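Student: What follows is a structure written as structure tokens; I'll ask about it next.
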Amino acid sequence: MFRDGRKKNPELFQTVSEGLRKLYRTKLFPLEDAYRFHDFHSPALEDADFDNKPMVLLVGQYSTGKTTFIRHLMEQDFPGMRIGPEPTTDSFIAVMYGEQEGLVPGNALVVDPKKPFRKLNAFGNAFLNRFVCAQMPNPVLESISIIDTPGILSGEKQRISRGYDFAAVLEWFAERVDRIILLFDAHKLDISDEFSEVIRALKNHEDKMRVVLNKADQIGTQQLMRVYGALMWSLGKIVNTPEVIRVYIGSFWSQPLLVPDNRKLFEAEEQDLFRDIQSLPRNAALRKLNDLIKRARLAKVHAYIISALKREMPNMFGKENKKKELIANLGEIYLKVEKEYQISPGDFPNIIKMQEILSIHDFSKFQSMKPKLMDAVEDMLANDIAKLMTLVRQEESAMPSQLVEGGAFDGTSNGPFGHGYGEGASEGIDELEWVVARDKPTYDEIFYTLSPVNGKVSGAMAKKEMVKSKLPNTVLGKIWKLADVDRDGFLDNEEFALANHLIKVKLEGHELPVDLPYHLIPPSKRHQE
């Protein structure tokens with residue numbers, strides 16, 4: 001039925017966002033609604049969830065530099081910003097684009113259909129009074145939105161005093177954002193109980209996580225290595241993934257470096273992190289598709305569990321006692337469902353959380369298995385998602401590779417302060433003299449020992465000298481191609497000097513250029529280009 005309708009109505013798959021929205025509404029939502037998925041796991045998705053810009057969620061203990069990090073990215077203060085060594089940010093602040101600068105309070109945000117926050121009203125007034133949207137016309141925010149979170153505290157008393165379920169709110173955001181950045185302070189590496197609980201609550205979203213070891217300029221190289229090792233060890237105990245989470249080391253603010261020893265490392269790490277953030281708009285459609293698949297898998301498992309509980313309930317007497325027994329033995333129900341439907345144990349929801357929520361529900365109102373609803377979701381996963389994948393690739397290829405512009409993203413993109421400017425193959429880029437000429441007398445001495453004929457050495461003779469560098473043949477072959485500017489299969493003294501210069505560039509740890517830059521072309525051959 002649905003597939004025939006789709007042929008008549010091809011606009012279903014005109015854009016990825018529209019396709020996802022329609023699939024969710026027609027195929028996944030009915031299953032979620034029938035088995036009360038929204039009471040147990042996550043509120044229903046809104047239209048804004050499919051259309052919103054990529055979001056970056058910043059999480060960390062207090063005074064790790066979360067708010068300063070946002071200010072560093074945008075190079076501009078934002079409304080409601082407070083920075084200090086004590087726990088200053090006590091609210092969730094959604095920093096978003098807006099023509100007029102100002103703050104929108106939480107209660108107004110959750111009734112705005114254009115913002116993806118409507119379902120946050122489920123967390124109550126205690127949370128909404130601590131949630132604001134800072135709007136401002138900043139170029140960075142034209143492509144992404146950033147969520148600043150309260151500094152995570154340590155101690156049970158502070159945890160209780162929040163008045164809302166902090167971990168549950170973060171989990172809600174984690175499900176909808178494109179990138180989760182965990183910030184750590186190189187000086188205070190202790191991970192509090194609440195932070196550990198928060199990181200565990202972000203389970204199933206490890207693919208979105210990145211770690212920033214901030215304020216790394218305040219310690220020396222040896223101490224930094226120890227801190228990095230301790231951080232990886234601590235994370236390994238909390239985040240149960242076979243892959244290592246990517247850690248970016250640096251000092252993400254605009255002040256001078258206190259210990260400048262690792263400046264090059266910090267520059268390279270910052271560029272890597274910027275590239276990662278700049279890729280988010282391009283990958284946003286794929287992320288939404290991936291999250292919908294995750295949600296569908298969980299909804300299926302949830303439906304199997306609820307229908308299994310319904311099946312075990314008596315028709316008439318002893319319902320309350322049976323309910324208590326089923327909740328206590330929920331692990332056995334999980335095993336039955338796992339075997340009956342061949343489901344991976346990792347797809348099941350947290351058993352303790354599930355038991356807590358089940359205790360306040362009336363099992364007699366649960367639905368038994370409805371194959372029609374399950375078949376619709378299976379069809380979505382097997383057929384519709386595959387069609388959307390081809391559309392995702394088309395949308396990605398039509399977009400520029402780096403969409404996020406402005407602020408700190410522009411600061412190092414051009415000019416002499418661009419990453420790697422004047423280093424490696426770029427050395428001498430803005431000099432009048434040919435940079436290879438500095439060492440050419442040394443290279444000439446070697447050149448003339450190779451018995452050149454008509455001012456040139458053959459490939460075989462050049463190879464004897466070049467292999468002394470111990471570089472692999474694949475690299476030396478590339479150097480030969482770059483250095484043989486006139487493509488005659490021989491090297492004259494300038495080309496030989498150029499080959500040696502490129503060997504030096506590679507031995508110093510830099511990458512070779514794909515094509516020979518103009519400033520490296522020997523002066524006598526520039527007119528030929």
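Residues are referred to by chain and number: the chain letter is A, B, ... according to the order shown in the structure tokens, the number counts from 1 in that chain, and ligands are numbered separately from 1 in the order shown.
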Taking only range 232-386 of chain A into account, list the residues labelled helix (DSSP H, G or I) by DSSP (computed from the backbone), as a PyMOL selection string.

Tutor: chain A and resi 232-238+260-278+280-312+319-328+330-341+345-347+351-358+363-365+371-386

Student: Neighbouring residues of Ser254 in chain A were defined as those with any atom within 12 Å, considering only C-alpha atoms; residues of the same chain fewer than 2 positions away were excluded. Please report them as a count of residues only.

Tutor: 19

Student: My list of candidates is A:Phe409, A:Tyr341, A:Phe166, A:Trp233. Which is closest to Gln271 in chain A when distances are computed with only C-alpha atoms?

Tutor: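 Using only C-alpha atoms, Gln271 in chain A sits closest to A:Phe409.
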
Student: Just to confirm, what's the straight-line distance from CA of Leu432 in chain A to CA of Asp484 in chain A in Å (one decimal)?

Tutor: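 Taking CA of Leu432 in chain A as the start and CA of Asp484 in chain A as the end point, the length is 22.4 Å.
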
Student: Please indicate the distance in Å from CA of Ile181 in chain A to CA of Val59 in chain A, rounded to one decimal place.

Tutor: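 Computing the Euclidean distance for CA of Ile181 in chain A and CA of Val59 in chain A yields 6.2 Å.
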